[in-house]
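Trainee: Input structure: input-v4.cif, which contains mmCIF, C-alpha atoms and all ligand atoms.
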data_input
#
loop_
_atom_site.label_atom_id
_atom_site.label_comp_id
_atom_site.auth_asym_id
_atom_site.auth_seq_id
_atom_site.Cartn_x
_atom_site.Cartn_y
_atom_site.Cartn_z
CA MET A 1 4.40 -25.13 -9.26
CA LEU A 2 1.55 -22.66 -8.79
CA GLU A 3 3.61 -19.59 -7.97
CA TYR A 4 2.28 -17.06 -5.45
CA LEU A 5 2.86 -14.08 -7.75
CA PRO A 6 4.47 -14.91 -11.13
CA LEU A 7 5.38 -11.38 -12.20
CA LYS A 8 6.52 -12.42 -15.64
CA LYS A 9 3.06 -13.86 -16.35
CA VAL A 10 1.33 -10.86 -14.80
CA ASN A 11 3.30 -8.52 -17.09
CA ALA A 12 3.23 -10.72 -20.20
CA PRO A 13 0.06 -9.16 -21.71
CA TYR A 14 1.81 -5.76 -21.79
CA GLU A 15 5.21 -6.90 -22.99
CA LYS A 16 4.92 -5.55 -26.51
CA GLU A 17 3.49 -2.22 -25.41
CA ILE A 18 6.04 -1.88 -22.59
CA LEU A 19 8.91 -2.46 -25.01
CA GLU A 20 7.49 0.15 -27.38
CA ALA A 21 7.12 2.63 -24.51
CA MET A 22 10.70 1.97 -23.38
CA ARG A 23 11.94 2.40 -26.93
CA ARG A 24 10.17 5.78 -26.98
CA VAL A 25 12.09 6.83 -23.85
CA VAL A 26 15.41 5.54 -25.16
CA ASP A 27 14.89 7.34 -28.46
CA SER A 28 13.97 10.57 -26.70
CA GLY A 29 17.35 10.70 -24.94
CA TRP A 30 15.53 12.17 -21.93
CA TYR A 31 15.47 10.04 -18.78
CA LEU A 32 14.25 12.17 -15.84
CA PHE A 33 11.67 14.98 -15.47
CA GLY A 34 10.21 14.37 -18.90
CA ARG A 35 7.00 13.81 -20.74
CA GLU A 36 6.35 10.29 -19.38
CA VAL A 37 6.49 11.32 -15.71
CA ASP A 38 4.46 14.48 -16.35
CA THR A 39 1.80 12.54 -18.20
CA PHE A 40 1.73 9.73 -15.67
CA GLU A 41 1.27 12.25 -12.84
CA SER A 42 -1.73 13.75 -14.55
CA GLU A 43 -3.19 10.34 -15.52
CA TRP A 44 -2.73 9.08 -11.97
CA ALA A 45 -4.34 12.20 -10.49
CA HIS A 46 -7.32 11.69 -12.82
CA TYR A 47 -7.57 8.04 -11.86
CA CYS A 48 -7.49 8.92 -8.15
CA GLY A 49 -9.93 11.81 -8.44
CA THR A 50 -7.51 14.54 -7.31
CA ALA A 51 -6.86 16.10 -10.72
CA SER A 52 -9.22 19.07 -10.54
CA THR A 53 -8.29 20.36 -7.09
CA GLY A 54 -4.79 19.04 -6.40
CA GLY A 55 -2.94 16.41 -8.38
CA ALA A 56 -0.17 13.85 -8.07
CA VAL A 57 3.60 14.04 -7.53
CA ALA A 58 5.71 11.07 -8.58
CA CYS A 59 8.59 9.93 -6.35
CA ALA A 60 11.04 7.07 -5.97
CA ASN A 61 9.03 4.55 -3.91
CA GLY A 62 6.16 4.12 -1.45
CA LEU A 63 8.21 4.70 1.68
CA ASP A 64 9.39 8.02 0.25
CA ALA A 65 5.81 8.96 -0.62
CA LEU A 66 4.85 8.55 3.06
CA ARG A 67 7.99 10.31 4.32
CA LEU A 68 7.59 13.24 1.92
CA VAL A 69 4.01 13.96 3.05
CA LEU A 70 5.04 13.98 6.72
CA ARG A 71 8.15 16.08 6.03
CA ALA A 72 6.05 18.53 4.01
CA TRP A 73 3.54 18.91 6.83
CA ILE A 74 6.45 19.65 9.18
CA GLU A 75 7.83 22.29 6.77
CA MET A 76 4.34 23.79 6.49
CA GLY A 77 4.10 24.06 10.28
CA LYS A 78 1.24 21.56 10.50
CA LEU A 79 3.30 18.98 12.39
CA GLN A 80 6.23 19.25 14.78
CA GLN A 81 8.93 16.80 15.81
CA GLY A 82 7.61 14.65 18.64
CA ASP A 83 3.97 14.86 17.57
CA GLU A 84 2.08 11.59 17.77
CA VAL A 85 0.73 9.78 14.73
CA ILE A 86 -1.74 6.92 15.22
CA VAL A 87 -0.83 3.87 13.11
CA PRO A 88 -2.24 0.35 12.84
CA ALA A 89 -0.14 -2.13 14.86
CA ASN A 90 -0.48 -4.74 12.09
CA THR A 91 0.84 -2.95 9.02
CA TYR A 92 3.87 -3.53 6.83
CA ILE A 93 6.63 -1.81 8.78
CA ALA A 94 7.20 0.88 6.11
CA SER A 95 4.08 2.76 7.27
CA ILE A 96 5.60 3.08 10.73
CA LEU A 97 9.20 3.67 9.63
CA ALA A 98 8.01 6.73 7.70
CA VAL A 99 6.63 8.26 10.90
CA SER A 100 9.82 7.56 12.87
CA ASP A 101 11.99 8.86 10.04
CA ALA A 102 10.19 12.22 10.11
CA GLY A 103 10.99 12.59 13.85
CA LEU A 104 7.36 11.95 14.78
CA THR A 105 6.14 9.37 17.30
CA PRO A 106 4.14 6.43 15.93
CA VAL A 107 1.41 5.20 18.28
CA PRO A 108 0.32 1.68 17.31
CA VAL A 109 -3.28 0.59 17.88
CA GLU A 110 -5.05 -2.73 17.45
CA PRO A 111 -7.01 -3.37 14.23
CA CYS A 112 -10.59 -4.65 13.93
CA ALA A 113 -10.61 -8.40 14.58
CA ASP A 114 -12.63 -9.16 11.43
CA THR A 115 -11.29 -6.79 8.73
CA TYR A 116 -7.72 -6.44 10.12
CA LEU A 117 -8.07 -2.67 9.42
CA LEU A 118 -7.43 0.30 11.72
CA ASN A 119 -10.23 0.31 14.32
CA PRO A 120 -11.86 3.74 14.79
CA ASP A 121 -12.79 2.90 18.41
CA ASN A 122 -9.14 2.33 19.22
CA ILE A 123 -8.11 5.57 17.53
CA GLU A 124 -10.33 7.56 19.89
CA ALA A 125 -8.85 5.75 22.88
CA ALA A 126 -5.26 6.46 21.76
CA ILE A 127 -5.68 10.23 21.26
CA THR A 128 -3.58 12.38 23.60
CA PRO A 129 -2.87 16.14 23.61
CA ARG A 130 0.15 15.38 21.37
CA THR A 131 -1.79 13.48 18.69
CA ARG A 132 -1.69 15.34 15.38
CA ALA A 133 -2.31 12.76 12.65
CA ILE A 134 -3.79 9.39 11.76
CA LEU A 135 -2.19 7.03 9.26
CA PRO A 136 -4.80 4.52 8.05
CA VAL A 137 -3.45 1.67 5.90
CA HIS A 138 -5.87 0.12 3.40
CA LEU A 139 -4.30 -3.21 4.21
CA TYR A 140 -4.60 -6.18 1.82
CA GLY A 141 -6.52 -3.84 -0.54
CA GLN A 142 -9.55 -3.03 1.59
CA LEU A 143 -10.59 0.55 2.29
CA CYS A 144 -10.58 1.49 5.99
CA ASP A 145 -13.75 2.94 7.48
CA MET A 146 -12.81 6.41 6.22
CA GLU A 147 -16.14 8.05 7.09
CA ARG A 148 -15.63 7.35 10.77
CA ILE A 149 -11.91 8.02 10.68
CA MET A 150 -12.54 11.43 9.09
CA GLN A 151 -15.20 12.21 11.70
CA ILE A 152 -12.69 11.55 14.46
CA ALA A 153 -10.01 13.51 12.60
CA ARG A 154 -12.26 16.54 12.20
CA LYS A 155 -13.39 16.41 15.80
CA HIS A 156 -9.78 16.39 17.08
CA GLN A 157 -8.27 18.42 14.21
CA LEU A 158 -5.97 15.64 13.04
CA LEU A 159 -4.33 15.23 9.64
CA VAL A 160 -5.02 11.99 7.77
CA LEU A 161 -2.40 10.33 5.58
CA GLU A 162 -3.68 7.24 3.78
CA ASP A 163 -1.16 4.47 3.06
CA CYS A 164 -2.52 3.27 -0.29
CA ALA A 165 0.42 1.02 -1.19
CA GLN A 166 -1.90 -2.01 -1.36
CA SER A 167 -5.10 -0.38 -2.57
CA HIS A 168 -4.77 1.03 -6.11
CA GLY A 169 -8.27 1.74 -7.38
CA VAL A 170 -10.09 1.06 -4.11
CA ALA A 171 -11.97 4.39 -4.27
CA THR A 172 -12.83 7.05 -6.83
CA ARG A 173 -12.73 9.72 -4.14
CA TYR A 174 -10.28 9.65 -1.25
CA LEU A 175 -11.30 11.40 1.96
CA GLY A 176 -7.92 11.79 3.68
CA ASP A 177 -5.64 14.83 3.34
CA ALA A 178 -3.08 12.91 1.27
CA GLN A 179 -2.52 9.45 -0.18
CA ALA A 180 0.84 7.69 -0.48
CA TRP A 181 1.28 5.12 -3.28
CA SER A 182 3.87 2.47 -4.00
CA PHE A 183 4.36 0.98 -7.46
CA TYR A 184 6.70 -1.77 -6.24
CA PRO A 185 6.50 -4.58 -8.85
CA GLY A 186 4.20 -6.79 -6.75
CA LYS A 187 1.55 -4.13 -6.06
CA ASN A 188 -1.77 -4.00 -7.94
CA LEU A 189 -0.19 -1.37 -10.19
CA GLY A 190 3.46 -2.38 -10.31
CA ALA A 191 6.44 -0.94 -12.17
CA LEU A 192 9.50 -2.90 -13.36
CA GLY A 193 11.44 -1.56 -10.39
CA ASP A 194 10.81 1.03 -7.71
CA ALA A 195 8.37 3.92 -8.03
CA GLY A 196 5.90 5.84 -5.86
CA ALA A 197 3.59 8.85 -5.79
CA VAL A 198 1.59 11.16 -3.57
CA THR A 199 -1.91 12.36 -4.43
CA SER A 200 -3.81 15.09 -2.62
CA ASN A 201 -6.43 17.78 -3.09
CA ASP A 202 -4.05 20.23 -1.42
CA GLY A 203 -2.02 21.90 -4.16
CA GLU A 204 0.23 23.69 -1.68
CA LEU A 205 1.17 20.38 -0.03
CA LEU A 206 2.01 18.88 -3.42
CA GLN A 207 4.20 21.85 -4.28
CA VAL A 208 6.19 21.49 -1.05
CA ILE A 209 6.55 17.75 -1.73
CA ARG A 210 7.78 18.40 -5.26
CA GLN A 211 10.46 20.73 -3.90
CA LEU A 212 11.42 18.44 -1.00
CA ALA A 213 11.86 15.54 -3.43
CA PHE A 214 14.21 17.66 -5.54
CA TYR A 215 16.83 18.67 -2.95
CA GLY A 216 14.40 21.14 -1.39
CA SER A 217 14.83 23.35 -4.41
CA GLU A 218 12.28 25.99 -5.40
CA ARG A 219 14.20 26.71 -8.58
CA LYS A 220 17.54 25.58 -9.86
CA TYR A 221 20.30 26.12 -7.25
CA VAL A 222 17.93 27.90 -4.84
CA HIS A 223 17.17 25.68 -1.85
CA ARG A 224 14.23 26.41 0.38
CA TYR A 225 14.34 23.15 2.38
CA LYS A 226 16.89 20.52 3.46
CA GLY A 227 15.39 18.18 0.89
CA VAL A 228 16.15 14.76 -0.55
CA ASN A 229 16.44 13.17 -3.97
CA SER A 230 13.35 11.09 -4.67
CA ARG A 231 12.13 10.77 -8.24
CA MET A 232 10.45 8.39 -10.61
CA ASP A 233 12.34 7.86 -13.85
CA GLU A 234 10.90 8.12 -17.34
CA LEU A 235 11.19 4.38 -17.98
CA GLN A 236 9.09 3.45 -14.94
CA ALA A 237 6.52 6.13 -15.74
CA ALA A 238 6.25 4.81 -19.31
CA VAL A 239 5.67 1.26 -17.99
CA LEU A 240 3.09 2.43 -15.44
CA ARG A 241 1.16 4.34 -18.13
CA VAL A 242 0.81 1.13 -20.14
CA LYS A 243 -0.37 -0.89 -17.14
CA LEU A 244 -2.67 1.80 -15.70
CA LYS A 245 -5.01 1.39 -18.70
CA ASP A 246 -5.65 -2.20 -17.60
CA LEU A 247 -5.73 -1.70 -13.80
CA ASP A 248 -9.52 -1.83 -13.45
CA ARG A 249 -9.70 -5.11 -15.39
CA CYS A 250 -6.91 -6.56 -13.21
CA ASN A 251 -8.70 -5.51 -10.02
CA GLN A 252 -11.91 -7.06 -11.37
CA ARG A 253 -10.11 -10.35 -11.98
CA ARG A 254 -8.71 -10.28 -8.43
CA SER A 255 -12.26 -9.67 -7.17
CA ASP A 256 -13.62 -12.60 -9.19
CA ILE A 257 -10.95 -14.88 -7.74
CA ALA A 258 -11.69 -13.65 -4.22
CA ALA A 259 -15.42 -14.30 -4.79
CA HIS A 260 -14.62 -17.91 -5.78
CA TYR A 261 -12.44 -18.39 -2.71
CA LEU A 262 -15.07 -16.86 -0.40
CA SER A 263 -17.94 -18.98 -1.67
CA GLU A 264 -16.14 -22.25 -2.40
CA ILE A 265 -13.54 -22.71 0.35
CA LYS A 266 -15.34 -24.84 2.92
CA ASN A 267 -12.97 -25.77 5.67
CA PRO A 268 -14.05 -25.17 9.29
CA ASP A 269 -10.43 -24.81 10.42
CA LEU A 270 -9.86 -21.73 8.27
CA LEU A 271 -11.03 -18.16 8.80
CA LEU A 272 -11.78 -16.40 5.53
CA PRO A 273 -11.40 -12.63 5.14
CA VAL A 274 -14.35 -10.27 5.60
CA ALA A 275 -14.98 -7.54 3.02
CA ARG A 276 -17.03 -4.74 4.59
CA GLN A 277 -15.80 -1.90 2.42
CA SER A 278 -14.55 -1.52 -1.11
CA HIS A 279 -11.74 -4.06 -1.71
CA VAL A 280 -9.18 -4.57 -4.50
CA TRP A 281 -7.77 -7.81 -3.10
CA HIS A 282 -4.07 -7.02 -3.23
CA ILE A 283 -3.82 -9.96 -0.85
CA PHE A 284 -6.29 -12.74 -0.03
CA PRO A 285 -5.53 -13.47 3.64
CA ILE A 286 -6.86 -16.56 5.45
CA LEU A 287 -6.16 -17.38 9.09
CA SER A 288 -5.24 -20.87 10.23
CA PRO A 289 -4.23 -21.97 13.74
CA ASP A 290 -1.83 -24.38 12.02
CA ARG A 291 -0.55 -21.86 9.54
CA ASP A 292 3.04 -23.08 9.15
CA GLN A 293 1.97 -26.68 8.63
CA LEU A 294 -0.74 -25.60 6.18
CA GLN A 295 1.82 -23.63 4.22
CA ARG A 296 4.14 -26.68 4.09
CA ARG A 297 1.37 -29.01 2.95
CA LEU A 298 0.21 -26.62 0.24
CA SER A 299 3.77 -26.27 -0.93
CA GLU A 300 4.08 -30.08 -1.16
CA GLN A 301 1.05 -29.97 -3.45
CA GLY A 302 2.71 -27.37 -5.62
CA ILE A 303 0.87 -24.32 -4.26
CA GLN A 304 3.04 -21.43 -3.14
CA THR A 305 1.71 -19.05 -0.48
CA GLN A 306 3.13 -16.12 1.47
CA ILE A 307 2.77 -14.58 4.94
CA HIS A 308 1.88 -10.89 5.42
CA TYR A 309 3.52 -10.42 7.89
CA PRO A 310 5.19 -13.01 10.14
CA ILE A 311 6.63 -10.59 12.76
CA SER A 312 4.57 -7.59 13.91
CA PRO A 313 6.34 -4.22 14.07
CA HIS A 314 6.08 -4.16 17.89
CA ARG A 315 8.02 -7.43 18.06
CA GLN A 316 10.87 -6.18 15.87
CA ARG A 317 14.22 -5.16 17.27
CA ALA A 318 13.85 -1.87 15.34
CA TYR A 319 11.01 -1.04 17.76
CA ARG A 320 12.45 -2.67 20.87
CA GLU A 321 10.81 0.05 23.01
CA TRP A 322 7.51 -1.67 22.09
CA ASN A 323 8.62 -5.27 22.61
CA THR A 324 6.80 -5.60 25.93
CA LEU A 325 3.50 -4.20 24.60
CA GLN A 326 0.67 -6.63 23.94
CA PHE A 327 -1.50 -6.50 20.84
CA PRO A 328 -3.38 -9.82 20.86
CA ILE A 329 -5.30 -9.27 17.59
CA THR A 330 -2.16 -8.13 15.77
CA GLU A 331 -0.20 -11.07 17.19
CA ARG A 332 -2.89 -13.53 16.15
CA ILE A 333 -2.80 -12.22 12.57
CA ALA A 334 1.00 -12.49 12.52
CA ALA A 335 0.84 -16.06 13.84
CA GLN A 336 -2.02 -17.32 11.65
CA GLU A 337 -2.14 -15.32 8.41
CA LEU A 338 -1.54 -17.07 5.11
CA SER A 339 -1.89 -15.33 1.73
CA LEU A 340 -3.35 -17.40 -1.10
CA PRO A 341 -2.36 -16.76 -4.73
CA CYS A 342 -4.69 -14.03 -6.07
CA HIS A 343 -3.47 -12.20 -9.16
CA PRO A 344 -4.83 -11.21 -12.58
CA ALA A 345 -2.89 -13.88 -14.50
CA GLN A 346 -4.27 -16.72 -12.41
CA THR A 347 -6.39 -19.15 -14.43
CA ASP A 348 -9.74 -20.62 -13.34
CA GLU A 349 -8.02 -24.03 -13.09
CA GLU A 350 -5.41 -22.58 -10.73
CA VAL A 351 -8.13 -21.02 -8.60
CA ALA A 352 -9.94 -24.39 -8.45
CA GLN A 353 -6.68 -26.16 -7.56
CA VAL A 354 -6.21 -23.93 -4.49
CA ILE A 355 -9.84 -24.39 -3.40
CA GLN A 356 -9.66 -28.18 -3.78
CA ALA A 357 -6.44 -28.43 -1.81
CA LEU A 358 -7.91 -26.43 1.08
CA ASN A 359 -11.23 -28.32 1.01
CA ARG A 360 -9.42 -31.67 1.12
CA GLY A 361 -8.23 -30.48 4.51
CA VAL A 362 -4.52 -30.39 3.67
C1 LIG A 401 4.80 -1.87 -0.20
C2 LIG A 401 4.33 -1.07 0.97
C3 LIG A 401 4.97 0.13 1.35
C4 LIG A 401 6.30 0.54 0.81
O1 LIG A 401 6.39 0.72 -0.55
P1 LIG A 401 7.85 0.67 -1.25
O2 LIG A 401 7.56 1.15 -2.63
O3 LIG A 401 8.31 -0.74 -1.19
O4 LIG A 401 8.73 1.60 -0.50
C5 LIG A 401 4.41 0.88 2.34
N1 LIG A 401 3.29 0.51 2.97
C6 LIG A 401 2.65 -0.64 2.66
C7 LIG A 401 1.40 -1.00 3.38
C8 LIG A 401 3.16 -1.47 1.65
O5 LIG A 401 2.53 -2.62 1.37
#
Write the structure described by the file as structure tokens, please.

Mentor:
Amino acid sequence: MLEYLPLKKVNAPYEKEILEAMRRVVDSGWYLFGREVDTFESEWAHYCGTASTGGAVACANGLDALRLVLRAWIEMGKLQQGDEVIVPANTYIASILAVSDAGLTPVPVEPCADTYLLNPDNIEAAITPRTRAILPVHLYGQLCDMERIMQIARKHQLLVLEDCAQSHGVATRYLGDAQAWSFYPGKNLGALGDAGAVTSNDGELLQVIRQLAFYGSERKYVHRYKGVNSRMDELQAAVLRVKLKDLDRCNQRRSDIAAHYLSEIKNPDLLLPVARQSHVWHIFPILSPDRDQLQRRLSEQGIQTQIHYPISPHRQRAYREWNTLQFPITERIAAQELSLPCHPAQTDEEVAQVIQALNRGV
């Protein structure tokens, strides 16, 4: 079976170093707020280009990273309950849940039909007097059109929170006001459990986030905010530090695989993805009008695929107030998307096997 994402294989090259790093943590007897998290925060800030002006704050997971930024902006008086935040209609639901959780109102808009990314034209059309922020998602690993999104944001004085859960390494300089990261095991930089982070060039924002994530505490037993508990542990930070050193090589391998797929899959029934901007290929999405059958046939030939995502947020019961809205592009992606295996441990033979199966017209 050609597994969609065999995490054991993906992590195998680091096993020895990971075990050594974990041993270091165990021997230290220090499991939270220690050297590993501190060092990872500074390494991650360097990697993301925010080290000199702002930095990075580690937290428990990607959803928390998004929620903490929005909560912090509320505490700083930059957002208020009920403000509108423009979100892509076709994202993983966590992007939208974060907005709702902060007491803000998510406003879904259709993506571009070719890149599946937030469409700047639709942002402009969705702006109302209550709009205060835009939440672009670099979906599948491709950078949104941030130049245009920032132009719109500046014109209308909107905050920009980038959901970077799928796009580790997609840029060396991020244009938004803050970036939320997930290190869920399946992401391009994945921990051995849950972990997340926020990066920003705004040091004040990061300080508020750090306090919010630690019970709203400015110093021990003194609570400035009604905060939460959201932290990365030393073990996960130690693992991430090992894997971060190899992230660029992993992204390069994903890119090589995507290049093979793009040039060698020749099947008129399939729509291949379009890369207009920088792309780290977290997911290689194809569209097929017969998606479910294609997935079954591939599976019969030993090729496992996944769907990102089968039910759009506006069709979920959680957002039943949106159930009657129509987003034809979003719905088409949900009905037709199929994700091909695309990961750094995939061999050339496995890449060829996928291409041959699709070209045979499964
Ligand atoms: C994975 C993901 C998240 C959530 O990250 P967790 O660490 O699982 O909470 C948010 N947004 C997007 C686009 C994701 O892919």

Trainee: Could you check how far CA of Phe33 in chain A sits from CA of Arg231 in chain A, in Å to one decimal?

Mentor: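 Separation between CA of Phe33 in chain A and CA of Arg231 in chain A: 8.4 Å.
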
Trainee: Can you work out which one of A:Tyr31, A:Tyr184, A:Phe284, A:Tyr4 has the shortest atom-to-atom distance to Leu271 in chain A, counting only C-alpha atoms?

Mentor: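 The closest residue to Leu271 in chain A is A:Phe284.
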
Trainee: Give me the chain A side of the contact with ligand LIG 401 (chain A), cut-off 9 Å, one line per residue showing its nearest atom pair and distance in Å at one decimal, counting only C-alpha atoms and all ligand atoms, sorted by chain and residue number, as a tab-separated table.

Mentor:
residue	atom	partner	partner_atom	distance
A:Ala60	CA	A:LIG401	O2	7.6
A:Asn61	CA	A:LIG401	O2	3.9
A:Gly62	CA	A:LIG401	O2	3.5
A:Leu63	CA	A:LIG401	O4	3.8
A:Asp64	CA	A:LIG401	O4	6.5
A:Ala65	CA	A:LIG401	O4	7.9
A:Leu66	CA	A:LIG401	C5	7.7
A:Thr91	CA	A:LIG401	C7	6.0
A:Tyr92	CA	A:LIG401	C7	4.9
A:Ile93	CA	A:LIG401	N1	7.1
A:Ala94	CA	A:LIG401	C5	4.7
A:Ser95	CA	A:LIG401	N1	4.9
A:Ile96	CA	A:LIG401	N1	8.5
A:Ala98	CA	A:LIG401	C5	8.7
A:Val137	CA	A:LIG401	C7	6.1
A:His138	CA	A:LIG401	C7	7.4
A:Leu139	CA	A:LIG401	C7	6.2
A:Tyr140	CA	A:LIG401	O5	8.0
A:Asp163	CA	A:LIG401	N1	6.0
A:Cys164	CA	A:LIG401	C7	6.9
A:Ala165	CA	A:LIG401	C8	4.7
A:Gln166	CA	A:LIG401	O5	5.2
A:Ser167	CA	A:LIG401	C7	8.8
A:Ala180	CA	A:LIG401	C5	8.2
A:Trp181	CA	A:LIG401	O1	7.3
A:Ser182	CA	A:LIG401	O2	4.2
A:Phe183	CA	A:LIG401	O2	5.8
A:Tyr184	CA	A:LIG401	O2	4.7
A:Pro185	CA	A:LIG401	O2	8.5
A:Gly186	CA	A:LIG401	C1	8.2
A:Lys187	CA	A:LIG401	C1	7.1
A:Asp194	CA	A:LIG401	O2	6.0
A:Ala195	CA	A:LIG401	O2	6.1
A:Gly196	CA	A:LIG401	O2	5.9

Trainee: Within 10 Å of Cys144 in chain A, counting all atoms listed in the file, which residues qualify if same-chain residues fewer than 6 places away don't, as a list of chain:residue names?

Mentor: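 These residues fall inside the cut-off: A:Thr115, A:Tyr116, A:Leu117, A:Leu118, A:Asn119, A:Pro120, A:Pro136, A:Val137, A:His138, A:Glu162, A:Arg276, A:Gln277, A:Ser278, A:His279.
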
Trainee: Would you mind telling me which residue in A:Ala45, A:Val109, A:Ala357, A:Ala102 lies nearest to Gln301 in chain A when using all atoms listed in the file?

Mentor: A:Ala357

Trainee: Show which residues sit within 9 Å of Trp281 in chain A, as a list in words. Count only C-alpha atoms, and ignore same-chain residues fewer than 5 positions away.

Mentor: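 Selected residues are Tyr140, Gly141, Gln142, Gln166, Ser167, Asn188, Asn251, Arg254, Ser255, Ala258, Cys342 and His343 of chain A.
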
Trainee: For Ala318 in chain A, which residue out of A:Ser230, A:Gln157, A:Ser100, A:Ser200 is the nearest one, using all atoms listed in the file?

Mentor: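 Result for the nearest residue to Ala318 in chain A: A:Ser100.
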
Trainee: Could you state the separation of CA of Glu349 in chain A and CA of Leu2 in chain A in Å, given to one decimal place?

Mentor: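 Spanning CA of Glu349 in chain A to CA of Leu2 in chain A is a straight-line distance of 10.6 Å.
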
Trainee: Given all atoms listed in the file as the basis, pick out the residue of A:Val69, A:Leu175, A:Ala89, A:Ala125 nearest to Leu325 in chain A.

Mentor: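 Of A:Val69, A:Leu175, A:Ala89, A:Ala125, the one nearest Leu325 in chain A, counting all atoms listed in the file, is A:Ala89.
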
Trainee: Do a neighbour search on Leu287 in chain A at 10 Å with all atoms listed in the file, toss out local chain neighbours closer than 5 positions, and write the hits as a ChimeraX atom specification.

Mentor: /A:269-273,332-339

Trainee: Between CA of Lys78 in chain A and CA of Asn201 in chain A, what is the distance in Å, rounded to a tenth?

Mentor: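 A separation of 16.1 Å between them.
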
Trainee: Pick the closest to Trp44 in chain A from A:His168, A:Arg24, A:Arg296, A:Arg360: which is it, counting all atoms listed in the file?

Mentor: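 That would be A:His168, the residue with the smallest distance to Trp44 in chain A.
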
Trainee: A:Pro129, A:Pro88, A:Gly77, A:Gly361: which is nearest Arg297 in chain A, counting only C-alpha atoms?

Mentor: A:Gly361

Trainee: Counting all atoms listed in the file, write as a VMD selection string all protein and nucleic acid residues lying at most 12 Å from (15.6, 23.9, 1.9) in the file's frame.

Mentor: chain A and resid 71 to 72 75 208 to 219 221 to 228

Trainee: Could range 344-356 of chain A be completed with N, CA, C and O atoms and returned as a tab-separated table (two decimals), in the frame of the given file?

Mentor:
chain	number	residue	atom	x	y	z
A	344	PRO	N	-4.06	-11.26	-11.32
A	344	PRO	CA	-4.83	-11.21	-12.58
A	344	PRO	C	-4.45	-12.27	-13.61
A	344	PRO	O	-5.26	-12.56	-14.49
A	345	ALA	N	-3.27	-12.87	-13.51
A	345	ALA	CA	-2.89	-13.88	-14.50
A	345	ALA	C	-3.28	-15.29	-14.08
A	345	ALA	O	-3.01	-16.26	-14.79
A	346	GLN	N	-3.93	-15.40	-12.93
A	346	GLN	CA	-4.27	-16.72	-12.41
A	346	GLN	C	-5.46	-17.29	-13.19
A	346	GLN	O	-6.47	-16.62	-13.39
A	347	THR	N	-5.32	-18.54	-13.63
A	347	THR	CA	-6.39	-19.15	-14.43
A	347	THR	C	-7.48	-19.73	-13.52
A	347	THR	O	-7.25	-19.96	-12.32
A	348	ASP	N	-8.65	-19.99	-14.11
A	348	ASP	CA	-9.74	-20.62	-13.34
A	348	ASP	C	-9.29	-21.96	-12.77
A	348	ASP	O	-9.65	-22.33	-11.66
A	349	GLU	N	-8.50	-22.72	-13.56
A	349	GLU	CA	-8.02	-24.03	-13.09
A	349	GLU	C	-7.14	-23.85	-11.85
A	349	GLU	O	-7.22	-24.64	-10.91
A	350	GLU	N	-6.31	-22.81	-11.87
A	350	GLU	CA	-5.41	-22.58	-10.73
A	350	GLU	C	-6.20	-22.16	-9.49
A	350	GLU	O	-5.84	-22.51	-8.37
A	351	VAL	N	-7.28	-21.41	-9.72
A	351	VAL	CA	-8.13	-21.02	-8.60
A	351	VAL	C	-8.77	-22.29	-8.01
A	351	VAL	O	-8.76	-22.51	-6.79
A	352	ALA	N	-9.29	-23.14	-8.89
A	352	ALA	CA	-9.94	-24.39	-8.45
A	352	ALA	C	-8.95	-25.29	-7.71
A	352	ALA	O	-9.31	-25.94	-6.72
A	353	GLN	N	-7.71	-25.32	-8.19
A	353	GLN	CA	-6.68	-26.16	-7.56
A	353	GLN	C	-6.45	-25.74	-6.09
A	353	GLN	O	-6.33	-26.59	-5.21
A	354	VAL	N	-6.42	-24.42	-5.85
A	354	VAL	CA	-6.21	-23.93	-4.49
A	354	VAL	C	-7.41	-24.30	-3.62
A	354	VAL	O	-7.25	-24.80	-2.49
A	355	ILE	N	-8.62	-24.10	-4.16
A	355	ILE	CA	-9.84	-24.39	-3.40
A	355	ILE	C	-9.91	-25.88	-3.05
A	355	ILE	O	-10.16	-26.25	-1.90
A	356	GLN	N	-9.61	-26.74	-4.04
A	356	GLN	CA	-9.66	-28.18	-3.78
A	356	GLN	C	-8.66	-28.60	-2.71
A	356	GLN	O	-8.99	-29.38	-1.83
